[in-house]
6 protein chains.
Amino acid sequence: MHVGAFIEEMEQLAPPGLAEDFDAGKIGLVVEGKEEILRVYCALDATPFVVKQAVKASADMLVVHHTPLWTPVTVLRGKTASLMRALLSAEMNLYVMHTNFDHAKEGVNDALAELLSLSDVIPMSHGCIGTCTISLAEISKRLGGTIRLWGKIKKIRRLALVAGSGFNSDFIEEARFLGADAFLSAEMKHSVARSSPLPCLEVMHYALEAPAMRRLATRMGWQYIDDPPVQQIVP
Amino acid sequence: MHVGAFIEEMEQLAPPGLAEDFDAGKIGLVVEGKEEILRVYCALDATPFVVKQAVKASADMLVVHHTPLWTPVTVLRGKTASLMRALLSAEMNLYVMHTNFDHAKEGVNDALAELLSLSDVIPMSHGCIGTCTISLAEISKRLGGTIRLWGKIKKIRRLALVAGSGFNSDFIEEARFLGADAFLSAEMKHSVARSSPLPCLEVMHYALEAPAMRRLATRMGWQYIDDPPVQQIVP
Amino acid sequence: MHVGAFIEEMEQLAPPGLAEDFDAGKIGLVVEGKEEILRVYCALDATPFVVKQAVKASADMLVVHHTPLWTPVTVLRGKTASLMRALLSAEMNLYVMHTNFDHAKEGVNDALAELLSLSDVIPMSHGCIGTCTISLAEISKRLGGTIRLWGKIKKIRRLALVAGSGFNSDFIEEARFLGADAFLSAEMKHSVARSSPLPCLEVMHYALEAPAMRRLATRMGWQYIDDPPVQQIVP
Amino acid sequence: MHVGAFIEEMEQLAPPGLAEDFDAGKIGLVVEGKEEILRVYCALDATPFVVKQAVKASADMLVVHHTPLWTPVTVLRGKTASLMRALLSAEMNLYVMHTNFDHAKEGVNDALAELLSLSDVIPMSHGCIGTCTISLAEISKRLGGTIRLWGKIKKIRRLALVAGSGFNSDFIEEARFLGADAFLSAEMKHSVARSSPLPCLEVMHYALEAPAMRRLATRMGWQYIDDPPVQQIVP
Amino acid sequence: MHVGAFIEEMEQLAPPGLAEDFDAGKIGLVVEGKEEILRVYCALDATPFVVKQAVKASADMLVVHHTPLWTPVTVLRGKTASLMRALLSAEMNLYVMHTNFDHAKEGVNDALAELLSLSDVIPMSHGCIGTCTISLAEISKRLGGTIRLWGKIKKIRRLALVAGSGFNSDFIEEARFLGADAFLSAEMKHSVARSSPLPCLEVMHYALEAPAMRRLATRMGWQYIDDPPVQQIVP
Amino acid sequence: MHVGAFIEEMEQLAPPGLAEDFDAGKIGLVVEGKEEILRVYCALDATPFVVKQAVKASADMLVVHHTPLWTPVTVLRGKTASLMRALLSAEMNLYVMHTNFDHAKEGVNDALAELLSLSDVIPMSHGCIGTCTISLAEISKRLGGTIRLWGKIKKIRRLALVAGSGFNSDFIEEARFLGADAFLSAEMKHSVARSSPLPCLEVMHYALEAPAMRRLATRMGWQYIDDPPVQQIVP
């Protein structure tokens, strides 16, 4: 498939127009490689490990959620130089779908809701709310990591979730207004936890967003490269 | 003691000139109450619980680390109205020491280093580095909460710490340059964890900063009001 | 009446959408008190005297034109602390209608035009113009204060007026274009007076805006608290 | 005298370095005319009347306090075109001393203090304070216009004054702190009057600043052109 | 003809709404003179020579492409004072048509295309493209000056042109996309030349824009004053 | 030589502290390659041709005057991708000396002055002035390209020069003030030419700056790669 046709297909899945303003110029074809796309790999981040695996597998295209060139650069040094060298030397393309994929139908939040078997799902300005019938322990298991639970929880009937870094007081307020009993996201801040009107379930950012990329890979017949941050709880 | 004399004493402990620019206008006497200060209470945050306790105890002054009026206000509604009503009606003073107390000698970072029995401590632009002889489990115990450990750890000889929300790539790079084996702070972000050259110990914001306020209360003969966020790990 | 219903009623009278951009976040329920509104008082400004009178009268709600929290605050000290203490301790609500009431039908400018018996009134971008049949002395008398007359006046047939601080060169130019013979407002500036193509009648800001609040009180069955600035002419 | 020498002399009297930042590019030789300066005229503003008189008198130089080109222009139309035509056609120079003359020794504020026979004068950040032994009526007489007196006055022993538009809450607070009993300036605003801790004497802007220009003319052997705004009190 | 009628006529030819945003406040009647317009002169720039000729000829109106008051002024000194003195003393009007005339039908770009006998002309966002049947030498001759040719040229069939300073990478890319073989404009920059996908013909700014003003003069029965910059090639 | 040592040496030649503010983050090691530097090549720009030659010659380091990453990038596509691929794949370093080399002793302007045999050279804020004893034809010959001469020239005794794009009205005014008879630079603009008080010699940007890079290569024992823009004069 020609790279142009591939991009068109991706833009159907995650229309660039859905992206937040801060993503301007940071999504789509971020590194341009060869024109003919046969082998596609997929991951959450373009980490050195991910890129190495993709190169080893002779991928023509790597699709990720987070761009490795977030801050605009005027130099290529250190880790950035290494990563770009690996991609460019292999003539591998790098394609990024970020907040456009968050908001897309069947995107990051939808995949998460499905993974947690939420039903009667309604959208929020970010993320969604659905009826949750599984236990906290089961949520933890499906997400593949521990939960830091903030506040006291009785029973979660309606669970709000925002994939990624979504602990924002306005989002939580919206969830409460829409009837949520708890709020699931990543990267809690002290001030937000302090003022939250809902109990909060904090898990790793990776755990919330990787499911969508993995599911996308399966659906498209691509290869997913798993590279979760190493994390453990002490004691 | 007259409130003016009290303020002078506080400014000796945590000189306003040490504060970061973003604290301008947000530290010092944040709510003005009665002039005569007999009973002083102290806490990390001016939460509704803390203020209620202080009012019940007829405190004349409440000293906290985080101002409840961070975002400038043009209205007093909802929780802010309640909190300000409680303080103003009781004519209680509220005094805030924030980044000036972080950076002060015997301040927030120093108290934390002492709690963890660090030796050979050297300062960083934020926080400090010292030789650590206690185990991870012991660190967790002294801080009164679990640790989320990011990355692989062999042995921590030199531990860098930044009280509060200190997981910043520049700070970690500085710590690595100065010989740290690990970096302790709160509120990890995915992108920082991904690129960190050091293993990171993440604990609750409260656990890092409360020790300094508690120690200050002891030293000054004040009463400390403990009000940690409720947090637990699942499973 | 519940405070929510009261606010709705006020928003009918002075729709927030009519307010100037600079009023954003500074109108409506500025201080939140008790929920049940029985006794309503009204004034131009929330001065210490006005608040004291309202508290003494056990008002549940005070409606004013000028917010006492114009500049966003991060501290409550001095006069602001005193005023907020008085309001919050009494659980009195404070409701502000500013430029939305200026521009509203039957609002500040309309009340002023009526007080001066203007006829054939047409609106300007700010204020209005109408046919004036009373003398300068009578205008002064009805407004309850002296007039500083700038420039030479022959006969005023059509009088332009802008309640509040409306001596703006563009407004005066608009008035001239629309056929005004003189321009009435408050707070003249040297440079505006110098270049004014119309003679200007300057009175106290209070004199121009109090009539609307007084009339509103009468219409609604509230109590108006008069507190004009003390002003006299020497010699 | 060559215009260069004239400018040097003026810069001795009112050093440009004393000017406020907002005067940058708006003081000094504002309109360049002939090089040889024999006849100098002086006024507060470059009004059409003033310029006409100066042209009629064949002045080579007109010295004023307020520039007629305050707002930067990209067109010369209407009144600005007329004024510039009158100046340029006559090859008359226009020299402006604004806040540099306010702050200068023997400048605008000093001249005003002298006119009011203040003694024991001490400077403020703007204006000054001195002991006043004349009555309000006498102040009014010497300034050549009525006073609007805001607040209640008992006895003025120490009078603060700021020539021009100086009713600023910070300035009044400074005056109060330095022992003033009253504050004299021009262009009062409602909000400032409301919160003023001192009684205020408001007179015309012109009345406060013209004395310095008149005195300068006398001292330098120039001709002063008087052109006060027409103002009267009704009733 | 009254100046108002003249302006209306000009606004038909070059509607102000077509101007770029940066021209706001810098086009139209830039210097206001007498009201009755009998004699109109025209030039590209209001140079001292041009203004002198127009004054000598007792012109009532001078129409130019470039305003002499581009940078907003707060002083009239040196050359600006001289030029404004010449215009204002003679009560000559100065009318400016800049980017509105560039974009207008029969405007600057159209006149240039006609001069070079382009056919099948299509517009670009700036300038236009047309079929060119004359040689480089003939282009040079008609423009009245040498061409600096950047890059290698085979045959120009389709020529893109942007009158004025139009060597902008985006414009050149647009021209290439629309099938141009070469790009004609003025004021080449090193970085643009380096990355240009088309060969570029650089001529003097004057040579590109004067034809439109000259043609306008002819069409309207005005007098055109030619004042090209003196330029020659060495060796 | 280790790349660190090489950088140190370069910073002796062209101290980064001499660079203009706009060069911040855009000079020094712009692309990081191998650590051991044996073969150094040098050019004015990192054009595709230059990089290809350097790669073919197995250069370890390419030193240029203009960075190819001027505008900060968040994507590597098209020409930028190609260029970075060529550099990174070859592990070639790219080092940029821009305005720091312009201003350095023996830097870009000094090399130009030497090439033109200027004597009694004095520095300007940008560029320099020296006594010129060679003819215009000889200047053209030494610079290797034609001169566009703006204005009338009699005799050049003192020649001002600013390498690069230096036709700035302030620079020309400074040159005139310091006694220059003519001003040599690149990239003339219409408005600057119009108001220039000196005749101007315009040559290609490349012709002014390449001499310094060529001389640097010679001095350091590097290889210079010549790649001038193709330019010719018609007719």
# chains A, B, ... in the order shown; residues from 1 in each chain; ligands from 1

call {"tool": "closest_atom_pairs", "arguments": {"of": "range 166-234 of chain A", "to": "range 64-86 of chain A", "cutoff": "10 Å", "atoms": "only C-alpha atoms", "output": "Markdown table"}}
result
| residue | atom | partner | partner_atom | distance |
| --- | --- | --- | --- | --- |
| A:Glu209 | CA | A:His65 | CA | 8.3 |
| A:Ala210 | CA | A:His65 | CA | 8.8 |
| A:Ala212 | CA | A:His65 | CA | 9.5 |
| A:Met213 | CA | A:His65 | CA | 7.6 |
| A:Tyr224 | CA | A:Val64 | CA | 10.0 |

call {"tool": "write_last_selection", "arguments": {"atoms": "N, CA and C atoms", "output": "JSON list (two decimals), in the first residue's frame"}}
result
[["chain", "number", "residue", "atom", "x", "y", "z"],
["A", 209, "GLU", "N", -4.08, 3.40, 28.04],
["A", 209, "GLU", "CA", -4.05, 3.70, 26.62],
["A", 209, "GLU", "C", -3.55, 2.56, 25.74],
["A", 210, "ALA", "N", -2.74, 1.67, 26.32],
["A", 210, "ALA", "CA", -2.23, 0.55, 25.52],
["A", 210, "ALA", "C", -3.35, -0.32, 24.95],
["A", 212, "ALA", "N", -6.12, 0.29, 23.59],
["A", 212, "ALA", "CA", -6.64, 0.76, 22.30],
["A", 212, "ALA", "C", -5.66, 0.47, 21.17],
["A", 213, "MET", "N", -4.38, 0.62, 21.44],
["A", 213, "MET", "CA", -3.39, 0.38, 20.39],
["A", 213, "MET", "C", -3.31, -1.12, 20.10],
["A", 224, "TYR", "N", 1.56, -5.72, 17.41],
["A", 224, "TYR", "CA", 1.68, -4.79, 18.54],
["A", 224, "TYR", "C", 2.96, -5.10, 19.33]]

call {"tool": "select_by_dssp", "arguments": {"residues": "chain A", "states": "helix (DSSP H, G or I)", "output": "PyMOL selection string"}}
result
chain A and resi 3-13+16-18+21-23+48-56+78-89+99-103+108-115+136-143+169-177+190-195+205-220

call {"tool": "atom_distance", "arguments": {"atom1": "CA of Met204 in chain A", "atom2": "CA of Lys152 in chain A"}}
result
20.0 Å

call {"tool": "atom_distance", "arguments": {"atom1": "CA of Asp227 in chain B", "atom2": "CA of Ser195 in chain A"}}
result
13.2 Å

call {"tool": "residues_around", "arguments": {"residues": "range 16-29 of chain D", "least_positions_apart": "4", "cutoff": "6 Å", "atoms": "only C-alpha atoms", "output": "ChimeraX atom specification"}}
result
/D:94-97,99-100 /E:74

call {"tool": "write_last_selection", "arguments": {"atoms": "N, CA and C atoms", "output": "tab-separated table (two decimals), in the first residue's frame"}}
result
chain	number	residue	atom	x	y	z
D	94	LEU	N	8.18	72.18	18.03
D	94	LEU	CA	7.33	71.89	19.18
D	94	LEU	C	8.12	70.99	20.12
D	95	TYR	N	8.29	71.45	21.34
D	95	TYR	CA	9.07	70.69	22.31
D	95	TYR	C	8.18	70.30	23.48
D	96	VAL	N	8.24	69.02	23.88
D	96	VAL	CA	7.37	68.51	24.93
D	96	VAL	C	8.16	68.06	26.16
D	97	MET	N	7.75	68.55	27.32
D	97	MET	CA	8.29	68.06	28.60
D	97	MET	C	7.11	67.54	29.40
D	99	THR	N	6.24	63.89	31.85
D	99	THR	CA	6.51	63.38	33.20
D	99	THR	C	7.94	63.68	33.65
D	100	ASN	N	8.82	63.93	32.70
D	100	ASN	CA	10.17	64.34	33.12
D	100	ASN	C	10.11	65.70	33.81
E	74	THR	N	5.11	59.21	16.58
E	74	THR	CA	4.71	60.11	17.66
E	74	THR	C	5.52	61.40	17.58

call {"tool": "residues_around", "arguments": {"residues": "Gln231 in chain A", "least_positions_apart": "6", "cutoff": "9 Å", "atoms": "only C-alpha atoms", "output": "MDAnalysis selection string"}}
result
(chainID A and resid 145 204) or (chainID B and resid 148:152)

call {"tool": "atom_distance", "arguments": {"atom1": "CA of Gly164 in chain A", "atom2": "CA of Pro228 in chain A"}}
result
14.0 Å

call {"tool": "interface_residues", "arguments": {"of": "chain A", "to": "chain B", "cutoff": "8 Å", "atoms": "only C-alpha atoms", "output": "ChimeraX atom specification"}}
result
/A:136-137,140,146-152,187-190,193-194,204-206,229-235

call {"tool": "residues_around", "arguments": {"residues": "Ile122 in chain D", "least_positions_apart": "5", "cutoff": "10 Å", "atoms": "only C-alpha atoms", "output": "list in words"}}
result
Gly127, Cys128, Ile129, Gly130, Thr131, Ala160 and Leu178 of chain D

call {"tool": "write_last_selection", "arguments": {"atoms": "N, CA, C and O atoms", "output": "PDB file, in the first residue's frame"}}
result
ATOM      1  N   GLY D 127       4.521  63.483  43.122  1.00  0.00           N
ATOM      2  CA  GLY D 127       4.070  64.639  43.880  1.00  0.00           C
ATOM      3  C   GLY D 127       4.816  64.800  45.188  1.00  0.00           C
ATOM      4  O   GLY D 127       5.917  64.271  45.365  1.00  0.00           O
ATOM      5  N   CYS D 128       4.199  65.543  46.120  1.00  0.00           N
ATOM      6  CA  CYS D 128       4.900  65.834  47.370  1.00  0.00           C
ATOM      7  C   CYS D 128       3.892  66.178  48.471  1.00  0.00           C
ATOM      8  O   CYS D 128       2.691  66.270  48.233  1.00  0.00           O
ATOM      9  N   ILE D 129       4.404  66.368  49.673  1.00  0.00           N
ATOM     10  CA  ILE D 129       3.585  66.740  50.830  1.00  0.00           C
ATOM     11  C   ILE D 129       4.222  67.942  51.501  1.00  0.00           C
ATOM     12  O   ILE D 129       5.445  67.996  51.623  1.00  0.00           O
ATOM     13  N   GLY D 130       3.382  68.865  51.916  1.00  0.00           N
ATOM     14  CA  GLY D 130       3.947  70.006  52.625  1.00  0.00           C
ATOM     15  C   GLY D 130       2.934  70.573  53.609  1.00  0.00           C
ATOM     16  O   GLY D 130       1.740  70.249  53.551  1.00  0.00           O
ATOM     17  N   THR D 131       3.425  71.439  54.484  1.00  0.00           N
ATOM     18  CA  THR D 131       2.549  72.071  55.463  1.00  0.00           C
ATOM     19  C   THR D 131       1.804  73.221  54.796  1.00  0.00           C
ATOM     20  O   THR D 131       2.408  74.083  54.155  1.00  0.00           O
ATOM     21  N   ALA D 160      -1.043  66.734  50.717  1.00  0.00           N
ATOM     22  CA  ALA D 160      -0.342  66.002  49.651  1.00  0.00           C
ATOM     23  C   ALA D 160      -0.874  66.484  48.322  1.00  0.00           C
ATOM     24  O   ALA D 160      -2.069  66.765  48.191  1.00  0.00           O
ATOM     25  N   LEU D 178       2.530  58.915  55.044  1.00  0.00           N
ATOM     26  CA  LEU D 178       3.515  59.967  55.314  1.00  0.00           C
ATOM     27  C   LEU D 178       2.920  61.136  56.096  1.00  0.00           C
ATOM     28  O   LEU D 178       3.566  62.164  56.268  1.00  0.00           O
TER      29      LEU D 178
END

call {"tool": "select_by_dssp", "arguments": {"residues": "range 36-188 of chain B", "states": "strand (DSSP E or B)", "output": "PyMOL selection string"}}
result
chain B and resi 36+40-42+45+61-64+66+73+76+93-96+119-123+128-131+147-150+158-161+182-185

call {"tool": "residues_around", "arguments": {"residues": "Ala5 in chain E", "least_positions_apart": "6", "cutoff": "12 Å", "atoms": "only C-alpha atoms", "output": "ChimeraX atom specification"}}
result
/E:11-12,35-38

call {"tool": "write_last_selection", "arguments": {"atoms": "N, CA and C atoms", "output": "PDB file, in the first residue's frame"}}
result
ATOM      1  N   GLU E  11     -12.161  53.686  -3.991  1.00  0.00           N
ATOM      2  CA  GLU E  11     -12.555  52.463  -3.280  1.00  0.00           C
ATOM      3  C   GLU E  11     -13.290  51.496  -4.194  1.00  0.00           C
ATOM      4  N   GLN E  12     -13.786  51.996  -5.313  1.00  0.00           N
ATOM      5  CA  GLN E  12     -14.329  51.100  -6.335  1.00  0.00           C
ATOM      6  C   GLN E  12     -13.183  50.360  -7.011  1.00  0.00           C
ATOM      7  N   GLU E  35     -10.323  70.226  -0.065  1.00  0.00           N
ATOM      8  CA  GLU E  35     -11.506  69.413  -0.324  1.00  0.00           C
ATOM      9  C   GLU E  35     -11.797  69.237  -1.804  1.00  0.00           C
ATOM     10  N   GLU E  36     -11.396  70.204  -2.592  1.00  0.00           N
ATOM     11  CA  GLU E  36     -11.726  70.170  -4.012  1.00  0.00           C
ATOM     12  C   GLU E  36     -10.546  69.585  -4.796  1.00  0.00           C
ATOM     13  N   ILE E  37     -10.819  68.539  -5.540  1.00  0.00           N
ATOM     14  CA  ILE E  37      -9.753  67.838  -6.255  1.00  0.00           C
ATOM     15  C   ILE E  37      -9.880  68.089  -7.749  1.00  0.00           C
ATOM     16  N   LEU E  38      -8.909  68.823  -8.288  1.00  0.00           N
ATOM     17  CA  LEU E  38      -8.930  69.064  -9.729  1.00  0.00           C
ATOM     18  C   LEU E  38      -7.775  68.337 -10.408  1.00  0.00           C
TER      19      LEU E  38
END

call {"tool": "residues_around", "arguments": {"residues": "Ala180 in chain A", "least_positions_apart": "5", "cutoff": "6 Å", "atoms": "only C-alpha atoms", "output": "compact mmCIF listing (two decimals) with N, CA, C and O atoms, in the first residue's frame"}}
result
# COMPACT_ATOMS: atom_id res chain seq x y z
N ARG A 158 -21.79 3.43 38.47
CA ARG A 158 -21.44 4.14 37.25
C ARG A 158 -20.00 4.62 37.38
O ARG A 158 -19.65 5.35 38.30
N LEU A 159 -19.19 4.19 36.41
CA LEU A 159 -17.77 4.53 36.44
C LEU A 159 -17.45 5.50 35.31
O LEU A 159 -17.76 5.24 34.14
N ALA A 160 -16.81 6.63 35.67
CA ALA A 160 -16.33 7.56 34.64
C ALA A 160 -14.88 7.24 34.35
O ALA A 160 -14.13 6.88 35.27
N ALA A 175 -18.32 14.55 35.55
CA ALA A 175 -18.66 13.14 35.80
C ALA A 175 -19.65 13.03 36.96
O ALA A 175 -20.63 12.28 36.91

call {"tool": "closest_residue", "arguments": {"among": "F:Thr133, F:Phe6, F:Ala43, F:Ala14", "to": "His103 in chain F", "atoms": "only C-alpha atoms"}}
result
F:Ala14
